[in-house]
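K.L.:
Sharing model.cif (mmCIF, C-alpha atoms and all ligand atoms) below.
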```cif
data_data
loop_
_atom_site.label_atom_id
_atom_site.label_comp_id
_atom_site.auth_asym_id
_atom_site.auth_seq_id
_atom_site.Cartn_x
_atom_site.Cartn_y
_atom_site.Cartn_z
CA MET A 1 -109.19 -116.33 220.21
CA LYS A 2 -107.53 -115.44 216.90
CA GLN A 3 -104.36 -113.64 218.02
CA ALA A 4 -101.82 -114.29 220.74
CA LEU A 5 -98.36 -113.07 221.67
CA VAL A 6 -95.09 -114.34 223.04
CA CYS A 7 -92.37 -111.81 223.85
CA MET A 8 -89.14 -113.03 225.31
CA SER A 9 -85.51 -112.16 225.72
CA HIS A 10 -83.08 -114.27 223.77
CA SER A 11 -79.47 -114.99 224.58
CA PRO A 12 -76.92 -116.87 222.48
CA LEU A 13 -75.32 -117.80 225.81
CA LEU A 14 -78.11 -120.16 226.91
CA GLU A 15 -76.00 -123.18 225.98
CA HIS A 16 -72.62 -121.58 226.65
CA THR A 17 -72.59 -120.26 230.21
CA ASN A 18 -73.76 -121.61 233.54
CA PRO A 19 -76.00 -119.58 235.80
CA PRO A 20 -76.86 -121.12 239.20
CA GLU A 21 -79.06 -124.24 238.92
CA GLU A 22 -82.14 -122.52 240.38
CA VAL A 23 -81.86 -119.74 237.80
CA LYS A 24 -81.56 -122.24 234.94
CA ALA A 25 -84.56 -124.15 236.31
CA ALA A 26 -86.65 -120.97 236.55
CA VAL A 27 -85.80 -120.02 232.95
CA GLU A 28 -86.59 -123.53 231.74
CA ALA A 29 -89.92 -123.45 233.60
CA SER A 30 -90.78 -120.19 231.81
CA PHE A 31 -89.92 -121.81 228.47
CA GLU A 32 -92.11 -124.77 229.38
CA HIS A 33 -94.97 -122.37 230.08
CA VAL A 34 -94.48 -120.72 226.67
CA ARG A 35 -94.43 -124.10 224.90
CA ALA A 36 -97.71 -125.11 226.57
CA PHE A 37 -99.27 -121.72 225.77
CA VAL A 38 -98.38 -121.96 222.08
CA LYS A 39 -99.42 -125.62 221.87
CA ASP A 40 -102.80 -124.67 223.27
CA PHE A 41 -103.19 -121.69 220.92
CA ASP A 42 -101.93 -123.68 217.93
CA PRO A 43 -101.25 -120.81 215.49
CA ASP A 44 -101.69 -121.13 211.74
CA LEU A 45 -99.08 -118.43 211.20
CA VAL A 46 -96.35 -116.66 213.15
CA VAL A 47 -95.27 -113.04 212.68
CA ASN A 48 -91.79 -112.89 214.15
CA PHE A 49 -90.38 -109.47 215.08
CA GLY A 50 -86.63 -109.99 215.43
CA PRO A 51 -83.42 -107.97 215.59
CA ASP A 52 -80.09 -108.93 214.05
CA HIS A 53 -76.54 -108.77 215.39
CA TYR A 54 -74.47 -108.22 212.25
CA ASN A 55 -75.11 -111.67 210.90
CA GLY A 56 -77.76 -110.77 208.32
CA PHE A 57 -77.91 -106.95 208.21
CA PHE A 58 -74.82 -104.72 207.94
CA GLN A 59 -74.14 -101.04 207.54
CA ASP A 60 -73.66 -101.38 203.79
CA LEU A 61 -77.46 -101.18 203.71
CA MET A 62 -79.31 -101.00 207.02
CA PRO A 63 -83.08 -100.56 206.83
CA PRO A 64 -85.11 -99.63 209.92
CA PHE A 65 -87.59 -102.41 209.12
CA CYS A 66 -87.57 -105.27 206.63
CA ILE A 67 -90.21 -107.86 205.76
CA GLY A 68 -88.79 -111.21 204.69
CA PHE A 69 -90.46 -112.80 201.64
CA LYS A 70 -87.97 -115.65 201.87
CA ALA A 71 -85.43 -116.16 204.62
CA HIS A 72 -82.86 -118.50 206.03
CA GLY A 73 -81.09 -118.89 209.35
CA THR A 74 -77.40 -117.97 209.57
CA GLY A 75 -76.52 -120.68 212.10
CA ASP A 76 -74.57 -118.34 214.40
CA TYR A 77 -74.07 -119.81 217.90
CA ASP A 78 -75.44 -123.11 216.55
CA SER A 79 -78.80 -121.52 215.88
CA PHE A 80 -80.98 -122.73 213.01
CA ASP A 81 -79.06 -122.96 209.75
CA GLY A 82 -81.28 -123.43 206.72
CA GLU A 83 -84.32 -122.27 204.79
CA LEU A 84 -87.21 -120.95 206.88
CA ASN A 85 -90.86 -121.63 206.17
CA VAL A 86 -91.98 -118.18 204.99
CA PRO A 87 -95.46 -117.82 203.41
CA THR A 88 -94.25 -115.60 200.57
CA GLU A 89 -97.62 -114.49 199.19
CA ILE A 90 -98.93 -113.41 202.58
CA ALA A 91 -95.65 -111.58 203.29
CA GLU A 92 -95.90 -109.77 199.93
CA ASP A 93 -99.50 -108.81 200.58
CA LEU A 94 -98.62 -107.60 204.09
CA ALA A 95 -95.79 -105.43 202.72
CA GLN A 96 -98.17 -103.89 200.18
CA PHE A 97 -100.67 -103.18 202.97
CA LEU A 98 -97.92 -101.50 205.03
CA VAL A 99 -96.81 -99.28 202.17
CA ASP A 100 -100.45 -98.38 201.52
CA SER A 101 -100.63 -97.47 205.22
CA ASP A 102 -97.71 -94.98 204.85
CA LEU A 103 -95.14 -97.35 206.33
CA ASP A 104 -92.28 -97.64 203.87
CA VAL A 105 -90.70 -100.95 204.77
CA ALA A 106 -87.81 -102.66 203.02
CA ILE A 107 -88.36 -106.16 201.69
CA SER A 108 -86.02 -109.06 201.15
CA ARG A 109 -86.33 -112.21 199.07
CA LYS A 110 -83.15 -113.53 200.66
CA MET A 111 -83.27 -112.40 204.26
CA GLU A 112 -80.67 -113.79 206.63
CA VAL A 113 -81.82 -114.10 210.23
CA ASP A 114 -79.68 -114.90 213.23
CA HIS A 115 -80.16 -116.32 216.72
CA GLY A 116 -81.99 -113.14 217.73
CA ALA A 117 -84.84 -113.89 215.38
CA VAL A 118 -85.08 -117.68 215.52
CA GLN A 119 -84.37 -118.51 219.16
CA PRO A 120 -87.98 -118.15 220.45
CA MET A 121 -89.25 -120.40 217.63
CA GLU A 122 -86.51 -122.92 218.39
CA ILE A 123 -87.49 -122.92 222.06
CA ILE A 124 -91.19 -123.25 221.28
CA TYR A 125 -90.83 -125.94 218.62
CA ASN A 126 -88.00 -128.01 220.11
CA GLY A 127 -85.29 -126.74 217.79
CA ASP A 128 -87.25 -126.58 214.53
CA PRO A 129 -88.45 -123.06 213.60
CA THR A 130 -89.92 -124.33 210.31
CA VAL A 131 -92.80 -126.18 211.99
CA LYS A 132 -95.17 -123.23 211.34
CA PRO A 133 -95.22 -120.67 208.52
CA MET A 134 -93.42 -117.60 209.81
CA ILE A 135 -93.11 -114.07 208.43
CA PRO A 136 -89.84 -112.56 209.68
CA VAL A 137 -90.00 -108.84 210.40
CA PHE A 138 -86.56 -107.35 211.02
CA ILE A 139 -86.29 -104.32 213.29
CA ASN A 140 -82.94 -102.56 213.49
CA ALA A 141 -81.68 -102.61 217.08
CA VAL A 142 -77.93 -102.15 216.56
CA ALA A 143 -77.22 -99.22 214.23
CA ARG A 144 -77.92 -95.53 214.52
CA PRO A 145 -80.04 -93.73 213.52
CA TYR A 146 -82.80 -95.52 215.41
CA THR A 147 -86.36 -94.84 214.36
CA LYS A 148 -88.55 -93.26 216.98
CA MET A 149 -90.42 -95.73 219.14
CA ARG A 150 -93.66 -94.21 217.85
CA ARG A 151 -92.78 -95.49 214.37
CA VAL A 152 -92.11 -98.96 215.73
CA ARG A 153 -95.48 -98.86 217.45
CA LYS A 154 -97.12 -97.74 214.20
CA LEU A 155 -95.48 -100.57 212.29
CA GLY A 156 -96.75 -103.07 214.86
CA THR A 157 -100.20 -101.48 214.85
CA ALA A 158 -100.46 -101.70 211.06
CA ILE A 159 -99.38 -105.34 211.08
CA GLY A 160 -102.02 -106.04 213.73
CA GLU A 161 -104.63 -104.27 211.61
CA TYR A 162 -103.67 -106.44 208.65
CA PHE A 163 -104.31 -109.62 210.63
CA ARG A 164 -107.19 -108.38 212.80
CA ASN A 165 -109.89 -109.91 210.60
CA SER A 166 -107.84 -112.77 209.23
CA ASP A 167 -109.35 -116.24 209.34
CA LYS A 168 -105.92 -117.48 210.44
CA LYS A 169 -104.82 -117.77 214.04
CA VAL A 170 -101.75 -115.54 214.31
CA LEU A 171 -99.01 -115.60 216.93
CA PHE A 172 -96.97 -112.40 217.27
CA ILE A 173 -93.46 -112.99 218.60
CA GLY A 174 -91.10 -110.30 219.87
CA SER A 175 -87.53 -111.43 220.56
CA GLY A 176 -84.91 -109.56 222.56
CA GLY A 177 -84.00 -107.28 225.41
CA LEU A 178 -84.56 -106.25 228.04
CA SER A 179 -81.68 -104.13 229.48
CA HIS A 180 -78.33 -105.46 228.28
CA ASP A 181 -75.05 -104.39 226.80
CA PRO A 182 -73.27 -107.31 225.13
CA PRO A 183 -70.04 -106.64 223.20
CA VAL A 184 -71.60 -105.79 219.83
CA PRO A 185 -69.38 -103.08 218.25
CA ARG A 186 -70.83 -99.60 217.75
CA PHE A 187 -69.66 -97.77 214.66
CA HIS A 188 -68.49 -94.49 216.18
CA GLU A 189 -66.54 -96.20 218.94
CA ALA A 190 -65.22 -99.04 216.74
CA THR A 191 -61.64 -99.73 215.67
CA PHE A 192 -60.71 -99.65 211.98
CA ASP A 193 -61.14 -103.44 211.71
CA GLN A 194 -64.44 -103.42 213.57
CA LYS A 195 -65.76 -100.65 211.29
CA ASN A 196 -64.80 -102.76 208.32
CA PHE A 197 -66.67 -105.70 209.84
CA LEU A 198 -69.79 -103.61 210.53
CA VAL A 199 -69.94 -102.67 206.85
CA GLU A 200 -68.45 -105.67 205.05
CA GLY A 201 -68.72 -108.53 207.53
CA ARG A 202 -71.34 -110.70 205.86
CA HIS A 203 -70.52 -114.41 205.63
CA PRO A 204 -67.44 -114.48 207.87
CA THR A 205 -64.95 -117.34 207.90
CA PRO A 206 -65.67 -120.04 210.51
CA GLU A 207 -62.55 -118.87 212.39
CA PHE A 208 -63.70 -115.23 212.51
CA ARG A 209 -67.16 -116.26 213.66
CA ALA A 210 -65.80 -118.59 216.33
CA ALA A 211 -63.48 -115.87 217.69
CA ARG A 212 -66.32 -113.36 217.79
CA GLN A 213 -68.60 -115.78 219.63
CA GLN A 214 -65.86 -116.80 222.07
CA ASN A 215 -65.34 -113.12 222.91
CA THR A 216 -69.03 -112.83 223.85
CA ILE A 217 -68.87 -116.01 225.96
CA ASN A 218 -65.74 -114.75 227.74
CA THR A 219 -67.40 -111.39 228.37
CA ALA A 220 -70.44 -113.12 229.92
CA ILE A 221 -68.24 -115.19 232.24
CA LYS A 222 -66.39 -112.06 233.32
CA PHE A 223 -69.64 -110.11 233.69
CA ALA A 224 -71.02 -112.75 236.05
CA ALA A 225 -67.77 -112.52 238.04
CA GLY A 226 -68.12 -108.71 238.24
CA GLU A 227 -65.13 -108.12 235.97
CA ALA A 228 -66.49 -107.14 232.55
CA ASP A 229 -66.26 -103.71 231.04
CA ILE A 230 -69.89 -103.54 229.88
CA MET A 231 -72.90 -101.72 231.31
CA ASP A 232 -74.78 -103.36 234.13
CA LEU A 233 -78.31 -104.74 233.72
CA ASN A 234 -81.06 -102.43 234.94
CA PRO A 235 -83.87 -104.42 236.63
CA GLU A 236 -85.74 -101.24 237.54
CA TRP A 237 -85.90 -100.16 233.90
CA ASP A 238 -86.87 -103.69 232.87
CA LEU A 239 -89.73 -103.91 235.36
CA GLU A 240 -91.06 -100.50 234.29
CA PHE A 241 -90.99 -101.63 230.67
CA LEU A 242 -92.86 -104.81 231.61
CA GLU A 243 -95.49 -102.68 233.37
CA VAL A 244 -96.12 -100.77 230.13
CA CYS A 245 -96.51 -104.09 228.31
CA LYS A 246 -99.01 -105.25 230.92
CA SER A 247 -100.95 -101.96 230.95
CA GLY A 248 -102.11 -102.29 227.35
CA LYS A 249 -101.32 -98.57 226.85
CA VAL A 250 -98.99 -99.08 223.91
CA GLU A 251 -98.77 -95.30 223.26
CA ASP A 252 -96.71 -95.14 226.45
CA PHE A 253 -93.89 -96.84 224.55
CA ASP A 254 -93.48 -93.58 222.59
CA ALA A 255 -91.75 -91.94 225.55
CA TYR A 256 -88.71 -94.22 225.23
CA THR A 257 -85.85 -92.45 223.45
CA ALA A 258 -82.73 -94.02 221.97
CA GLU A 259 -80.44 -91.70 223.98
CA GLU A 260 -82.02 -92.58 227.30
CA MET A 261 -82.09 -96.31 226.48
CA ASP A 262 -78.37 -96.29 225.61
CA ARG A 263 -77.60 -94.37 228.79
CA VAL A 264 -79.57 -96.36 231.34
CA ALA A 265 -80.42 -99.76 229.85
CA GLY A 266 -77.43 -100.67 227.66
CA HIS A 267 -76.80 -100.44 223.94
CA SER A 268 -78.73 -103.59 223.12
CA SER A 269 -81.85 -102.54 225.04
CA HIS A 270 -83.05 -101.40 221.58
CA GLU A 271 -84.08 -105.01 221.08
CA VAL A 272 -87.23 -104.18 223.07
CA ARG A 273 -88.38 -102.53 219.85
CA THR A 274 -89.44 -106.02 218.82
CA TRP A 275 -91.68 -106.21 221.91
CA VAL A 276 -93.11 -102.77 221.16
CA ALA A 277 -94.04 -103.90 217.65
CA ALA A 278 -95.49 -107.21 218.86
CA TYR A 279 -97.54 -105.68 221.69
CA SER A 280 -98.78 -102.94 219.35
CA ALA A 281 -99.82 -105.56 216.81
CA LEU A 282 -101.77 -107.45 219.45
CA ARG A 283 -103.36 -104.24 220.76
CA ALA A 284 -104.55 -103.42 217.23
CA CYS A 285 -106.46 -106.70 217.34
CA GLY A 286 -108.27 -105.76 220.56
CA GLU A 287 -107.75 -105.22 224.28
CA TYR A 288 -105.33 -107.80 225.57
CA GLU A 289 -104.39 -109.51 228.77
CA VAL A 290 -100.87 -110.59 229.75
CA THR A 291 -101.37 -114.16 230.93
CA PHE A 292 -97.82 -114.93 232.07
CA ASP A 293 -94.74 -112.97 232.96
CA PHE A 294 -91.31 -113.97 234.14
CA TYR A 295 -88.33 -111.77 234.89
CA LYS A 296 -84.80 -112.26 236.17
CA PRO A 297 -81.62 -110.26 235.62
CA ILE A 298 -79.14 -112.95 234.51
CA LYS A 299 -75.53 -111.85 234.10
CA GLU A 300 -74.37 -115.20 232.71
CA TYR A 301 -76.77 -114.60 229.80
CA ILE A 302 -75.97 -110.84 229.65
CA ALA A 303 -79.69 -110.20 229.78
CA GLY A 304 -82.44 -108.68 231.81
CA PHE A 305 -84.35 -111.82 230.97
CA GLY A 306 -88.09 -111.41 230.43
CA VAL A 307 -90.72 -113.80 229.11
CA THR A 308 -94.38 -112.90 228.60
CA THR A 309 -97.46 -114.33 226.94
CA ALA A 310 -100.66 -112.46 226.11
CA VAL A 311 -104.01 -112.95 224.40
CA VAL A 312 -106.71 -110.68 223.07
CA LYS A 313 -109.49 -110.62 225.69
O1 LIG A 401 -72.77 -111.61 220.20
C1 LIG A 401 -73.87 -111.29 219.76
O2 LIG A 401 -74.09 -111.19 218.58
C2 LIG A 401 -75.01 -111.11 220.70
C3 LIG A 401 -74.93 -111.39 221.98
C4 LIG A 401 -76.04 -111.29 222.94
C5 LIG A 401 -75.77 -111.59 224.27
C6 LIG A 401 -76.79 -111.53 225.21
C7 LIG A 401 -78.08 -111.19 224.89
C8 LIG A 401 -78.36 -110.89 223.57
O3 LIG A 401 -79.60 -110.49 223.19
C9 LIG A 401 -77.36 -110.96 222.60
O4 LIG A 401 -77.74 -110.73 221.35
FE FE A 402 -79.67 -110.00 221.08
#
```
Could you render the structure from this file as structure tokens?
Ligand SMILES: O=C(O)/C=C/c1cccc(O)c1O
Ligand SMILES: [Fe+2]
P.N.:
Amino acid sequence: MKQALVCMSHSPLLEHTNPPEEVKAAVEASFEHVRAFVKDFDPDLVVNFGPDHYNGFFQDLMPPFCIGFKAHGTGDYDSFDGELNVPTEIAEDLAQFLVDSDLDVAISRKMEVDHGAVQPMEIIYNGDPTVKPMIPVFINAVARPYTKMRRVRKLGTAIGEYFRNSDKKVLFIGSGGLSHDPPVPRFHEATFDQKNFLVEGRHPTPEFRAARQQNTINTAIKFAAGEADIMDLNPEWDLEFLEVCKSGKVEDFDAYTAEEMDRVAGHSSHEVRTWVAAYSALRACGEYEVTFDFYKPIKEYIAGFGVTTAVVK
């Protein structure tokens, strides 16, 4: 077995809010399963499809996709803060392959990645995402215009094709989703100050960052109490999405549109684009089997919380 996959929701609230004990235990058991799965697979290399939440990418220059040649963690919500272990030459070669395959990706030699990208690696490797070489692949999930899902699938497919005959064991990670609507500002509905932040907000002061994070924590607490002014989770949408993942028919992802996702699954449901890319990458390596799946709608985490593992058959 040369390729495997982990796709999971992330939430910066894991350490900041308190769901009922049985919910926490179920989530922890799913993490334990993922750790054992990855330990058993023992990848040589990780390709990490991650979103960003205005910690690394802003609307001064927002690419649909970006391959990191070098990257570091921004440390938001106490996530990993430091240089990541990116295999630069492989990342450069991958980017060339993608461009040759008609996929015009951006590249960065100084990519900043936030909790959304590093949290699965932190969970898998007990807090240290540098344990394995990792190529970060950013997928925009916060700013319009959103690329069509078909393009995300094609990006994932091409990345899978690149690694299909590799002598390295590759783990594809997708991080984010499922339905959720945390208080990340949206440009056309934003105040003057928020608009300024969405364009110019890189490297905030510690005070600004703390206030922003506290606002998300407060929103989660209110959401769990039924008092927050954000969209509800949508377990039905989540379970349908998980069915597509399990079916292996990655072309079925193409039917998801940005308008419908915003309307029924919340404005951050676009994070499932990372799953679409990861599942498409795995499918390009062969027919796959989903070997584990977990799902719970968890308001304290503001997340339709899904965790899956898969392997090429
Ligand atoms: O405040 C942010 O930047 C993000 C918050 C959040 C909350 C819950 C689930 C997620 O995927 C998030 O990114
Ligand atoms: Fe997120």
K.L.:
Just the residues within 12 Å of Phe57 in chain A, please, counting all atoms listed in the file, with nothing from its chain fewer than 2 positions along; format it as a VMD selection string.
P.N.:
chain A and resid 50 to 55 59 to 66 74 106 108 110 to 114 138 to 143 197 to 203
K.L.:
So which residues are near ligand FE 402 (chain A), meaning at most 9 Å away with only C-alpha atoms and all ligand atoms counted, given back as a list in words?
P.N.:
Ser9, His10, Ser11, Pro12, Gly50, Pro51, Asp52, His53, His115, Gly116, Ala117, Ala141, Ser175, Gly176, Gly177, His180, Pro182, Ser268, Ser269, Glu271 and Ala303 of chain A
K.L.:
Could the residues in this selection be written to a file with C-alpha atoms, as an mmCIF file, keeping the file's coordinate frame?
P.N.:
```cif
data_model
loop_
_atom_site.group_PDB
_atom_site.id
_atom_site.type_symbol
_atom_site.label_atom_id
_atom_site.label_comp_id
_atom_site.auth_asym_id
_atom_site.auth_seq_id
_atom_site.Cartn_x
_atom_site.Cartn_y
_atom_site.Cartn_z
ATOM 1 C CA SER A 9 -85.510 -112.160 225.720
ATOM 2 C CA HIS A 10 -83.080 -114.270 223.770
ATOM 3 C CA SER A 11 -79.470 -114.990 224.580
ATOM 4 C CA PRO A 12 -76.920 -116.870 222.480
ATOM 5 C CA GLY A 50 -86.630 -109.990 215.430
ATOM 6 C CA PRO A 51 -83.420 -107.970 215.590
ATOM 7 C CA ASP A 52 -80.090 -108.930 214.050
ATOM 8 C CA HIS A 53 -76.540 -108.770 215.390
ATOM 9 C CA HIS A 115 -80.160 -116.320 216.720
ATOM 10 C CA GLY A 116 -81.990 -113.140 217.730
ATOM 11 C CA ALA A 117 -84.840 -113.890 215.380
ATOM 12 C CA ALA A 141 -81.680 -102.610 217.080
ATOM 13 C CA SER A 175 -87.530 -111.430 220.560
ATOM 14 C CA GLY A 176 -84.910 -109.560 222.560
ATOM 15 C CA GLY A 177 -84.000 -107.280 225.410
ATOM 16 C CA HIS A 180 -78.330 -105.460 228.280
ATOM 17 C CA PRO A 182 -73.270 -107.310 225.130
ATOM 18 C CA SER A 268 -78.730 -103.590 223.120
ATOM 19 C CA SER A 269 -81.850 -102.540 225.040
ATOM 20 C CA GLU A 271 -84.080 -105.010 221.080
ATOM 21 C CA ALA A 303 -79.690 -110.200 229.780
#
```
K.L.:
Padding 5 Å on each side, edges along x, y and z: where is the centre of the box around the listed atoms of range 286-305 of chain A, and how long are its edges in Å to one decimal? Output it as lines of an AutoDock Vina configuration file.
P.N.:
```
center_x = -91.3
center_y = -110.2
center_z = 228.4
size_x = 43.9
size_y = 20.0
size_z = 25.6
```
K.L.:
A:Ala277, A:Val152, A:Leu242, A:Val264: which is nearest Asp293 in chain A, counting only C-alpha atoms?
P.N.:
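Answer, going by the shortest atom-to-atom distance: A:Leu242.
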K.L.:
What's the 7 Å shell around Gly174 in chain A, counting all atoms listed in the file, without same-chain residues fewer than 6 positions away, as a ChimeraX atom specification?
P.N.:
/A:6-8,48-50,274-275,278
K.L.:
Using Å and a single decimal, report how far CA of Leu171 in chain A sits from CA of Ile135 in chain A.
P.N.:
10.5 Å
K.L.:
Using only C-alpha atoms and all ligand atoms, pick whichever of A:Thr291, A:His270, A:Asp252, A:Tyr279 has the shortest atom-to-atom distance to ligand LIG 401 (chain A).
P.N.:
A:His270
K.L.:
Please identify all polymer residues within 12 Å of range 232-239 of chain A, counting only C-alpha atoms, omitting same-chain residues fewer than 2 positions from it, and present them as a short mmCIF file (atom, residue, chain, number, x, y, z; two decimals) with C-alpha atoms, in the frame of the given file.
P.N.:
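The resulting file, part.cif, is reproduced below:
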```cif
data_model
loop_
_atom_site.label_atom_id
_atom_site.label_comp_id
_atom_site.auth_asym_id
_atom_site.auth_seq_id
_atom_site.Cartn_x
_atom_site.Cartn_y
_atom_site.Cartn_z
CA SER A 9 -85.51 -112.16 225.72
CA GLY A 177 -84.00 -107.28 225.41
CA LEU A 178 -84.56 -106.25 228.04
CA SER A 179 -81.68 -104.13 229.48
CA HIS A 180 -78.33 -105.46 228.28
CA ASP A 181 -75.05 -104.39 226.80
CA PRO A 182 -73.27 -107.31 225.13
CA ALA A 220 -70.44 -113.12 229.92
CA PHE A 223 -69.64 -110.11 233.69
CA ALA A 224 -71.02 -112.75 236.05
CA GLY A 226 -68.12 -108.71 238.24
CA GLU A 227 -65.13 -108.12 235.97
CA ALA A 228 -66.49 -107.14 232.55
CA ASP A 229 -66.26 -103.71 231.04
CA ILE A 230 -69.89 -103.54 229.88
CA PHE A 241 -90.99 -101.63 230.67
CA LEU A 242 -92.86 -104.81 231.61
CA GLU A 243 -95.49 -102.68 233.37
CA VAL A 244 -96.12 -100.77 230.13
CA CYS A 245 -96.51 -104.09 228.31
CA LYS A 246 -99.01 -105.25 230.92
CA TYR A 256 -88.71 -94.22 225.23
CA GLU A 260 -82.02 -92.58 227.30
CA MET A 261 -82.09 -96.31 226.48
CA ASP A 262 -78.37 -96.29 225.61
CA ARG A 263 -77.60 -94.37 228.79
CA VAL A 264 -79.57 -96.36 231.34
CA ALA A 265 -80.42 -99.76 229.85
CA GLY A 266 -77.43 -100.67 227.66
CA HIS A 267 -76.80 -100.44 223.94
CA SER A 268 -78.73 -103.59 223.12
CA SER A 269 -81.85 -102.54 225.04
CA VAL A 272 -87.23 -104.18 223.07
CA ASP A 293 -94.74 -112.97 232.96
CA PHE A 294 -91.31 -113.97 234.14
CA TYR A 295 -88.33 -111.77 234.89
CA LYS A 296 -84.80 -112.26 236.17
CA PRO A 297 -81.62 -110.26 235.62
CA ILE A 298 -79.14 -112.95 234.51
CA LYS A 299 -75.53 -111.85 234.10
CA GLU A 300 -74.37 -115.20 232.71
CA TYR A 301 -76.77 -114.60 229.80
CA ILE A 302 -75.97 -110.84 229.65
CA ALA A 303 -79.69 -110.20 229.78
CA GLY A 304 -82.44 -108.68 231.81
CA PHE A 305 -84.35 -111.82 230.97
CA GLY A 306 -88.09 -111.41 230.43
CA VAL A 307 -90.72 -113.80 229.11
#
```
K.L.:
Would you list the contacts of Val34 in chain A as number ranges by chain, taking every protein, DNA or RNA residue within 9 Å and counting only C-alpha atoms, but skipping same-chain residues closer than 6 positions in sequence?
P.N.:
A: 6, 123-124, 292, 307-309
K.L.:
For the interface of range 167-192 of chain A with range 208-214 of chain A (cut-off 12 Å, counting all atoms listed in the file), please tabulate each contacting residue of range 167-192 of chain A alongside its nearest pair of atoms and their separation in Å to one decimal, rows sorted by chain and increasing number, as JSON lines.
P.N.:
```
{"residue": "A:Pro182", "atom": "CA", "partner": "A:Gln213", "partner_atom": "CA", "distance": 11.1}
{"residue": "A:Pro183", "atom": "CA", "partner": "A:Arg212", "partner_atom": "CA", "distance": 9.4}
{"residue": "A:Val184", "atom": "CA", "partner": "A:Arg212", "partner_atom": "CA", "distance": 9.5}
{"residue": "A:Pro185", "atom": "CA", "partner": "A:Arg212", "partner_atom": "CA", "distance": 10.7}
```
K.L.:
Could you list, as a VMD selection string, every residue within 7 Å of Lys168 in chain A, counting only C-alpha atoms and ignoring same-chain residues fewer than 3 positions away?
P.N.:
chain A and resid 2 44 to 45
K.L.:
With C-alpha atoms retained, export the selected residues as an mmCIF file, in the frame of the given file.
P.N.:
```cif
data_model
loop_
_atom_site.group_PDB
_atom_site.id
_atom_site.type_symbol
_atom_site.label_atom_id
_atom_site.label_comp_id
_atom_site.auth_asym_id
_atom_site.auth_seq_id
_atom_site.Cartn_x
_atom_site.Cartn_y
_atom_site.Cartn_z
ATOM 1 C CA LYS A 2 -107.530 -115.440 216.900
ATOM 2 C CA ASP A 44 -101.690 -121.130 211.740
ATOM 3 C CA LEU A 45 -99.080 -118.430 211.200
#
```
K.L.:
Emit a file covering range 165-186 of chain A of the preceding structure with C-alpha atoms, as a PDB file, in the first residue's frame.
P.N.:
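Listed below is the output, selection07.pdb:
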```pdb
ATOM      1  CA  ASN A 165       4.168   5.698  -9.180  1.00  0.00           C
ATOM      2  CA  SER A 166       6.344   7.243  -6.509  1.00  0.00           C
ATOM      3  CA  ASP A 167       8.575   4.938  -4.491  1.00  0.00           C
ATOM      4  CA  LYS A 168       7.552   6.956  -1.426  1.00  0.00           C
ATOM      5  CA  LYS A 169       4.598   6.126   0.776  1.00  0.00           C
ATOM      6  CA  VAL A 170       2.375   9.203   0.632  1.00  0.00           C
ATOM      7  CA  LEU A 171      -0.340  10.268   3.052  1.00  0.00           C
ATOM      8  CA  PHE A 172      -2.912  12.735   1.686  1.00  0.00           C
ATOM      9  CA  ILE A 173      -4.505  14.888   4.375  1.00  0.00           C
ATOM     10  CA  GLY A 174      -7.606  17.048   3.928  1.00  0.00           C
ATOM     11  CA  SER A 175      -8.398  19.405   6.810  1.00  0.00           C
ATOM     12  CA  GLY A 176     -11.678  21.200   7.431  1.00  0.00           C
ATOM     13  CA  GLY A 177     -15.434  21.281   7.229  1.00  0.00           C
ATOM     14  CA  LEU A 178     -17.950  19.889   7.208  1.00  0.00           C
ATOM     15  CA  SER A 179     -20.989  22.234   7.524  1.00  0.00           C
ATOM     16  CA  HIS A 180     -20.124  25.227   9.706  1.00  0.00           C
ATOM     17  CA  ASP A 181     -20.371  28.973   9.869  1.00  0.00           C
ATOM     18  CA  PRO A 182     -17.858  30.411  12.342  1.00  0.00           C
ATOM     19  CA  PRO A 183     -17.512  34.208  12.608  1.00  0.00           C
ATOM     20  CA  VAL A 184     -14.932  34.708   9.840  1.00  0.00           C
ATOM     21  CA  PRO A 185     -15.756  38.073   8.173  1.00  0.00           C
ATOM     22  CA  ARG A 186     -16.953  38.067   4.565  1.00  0.00           C
TER      23      ARG A 186
END
```
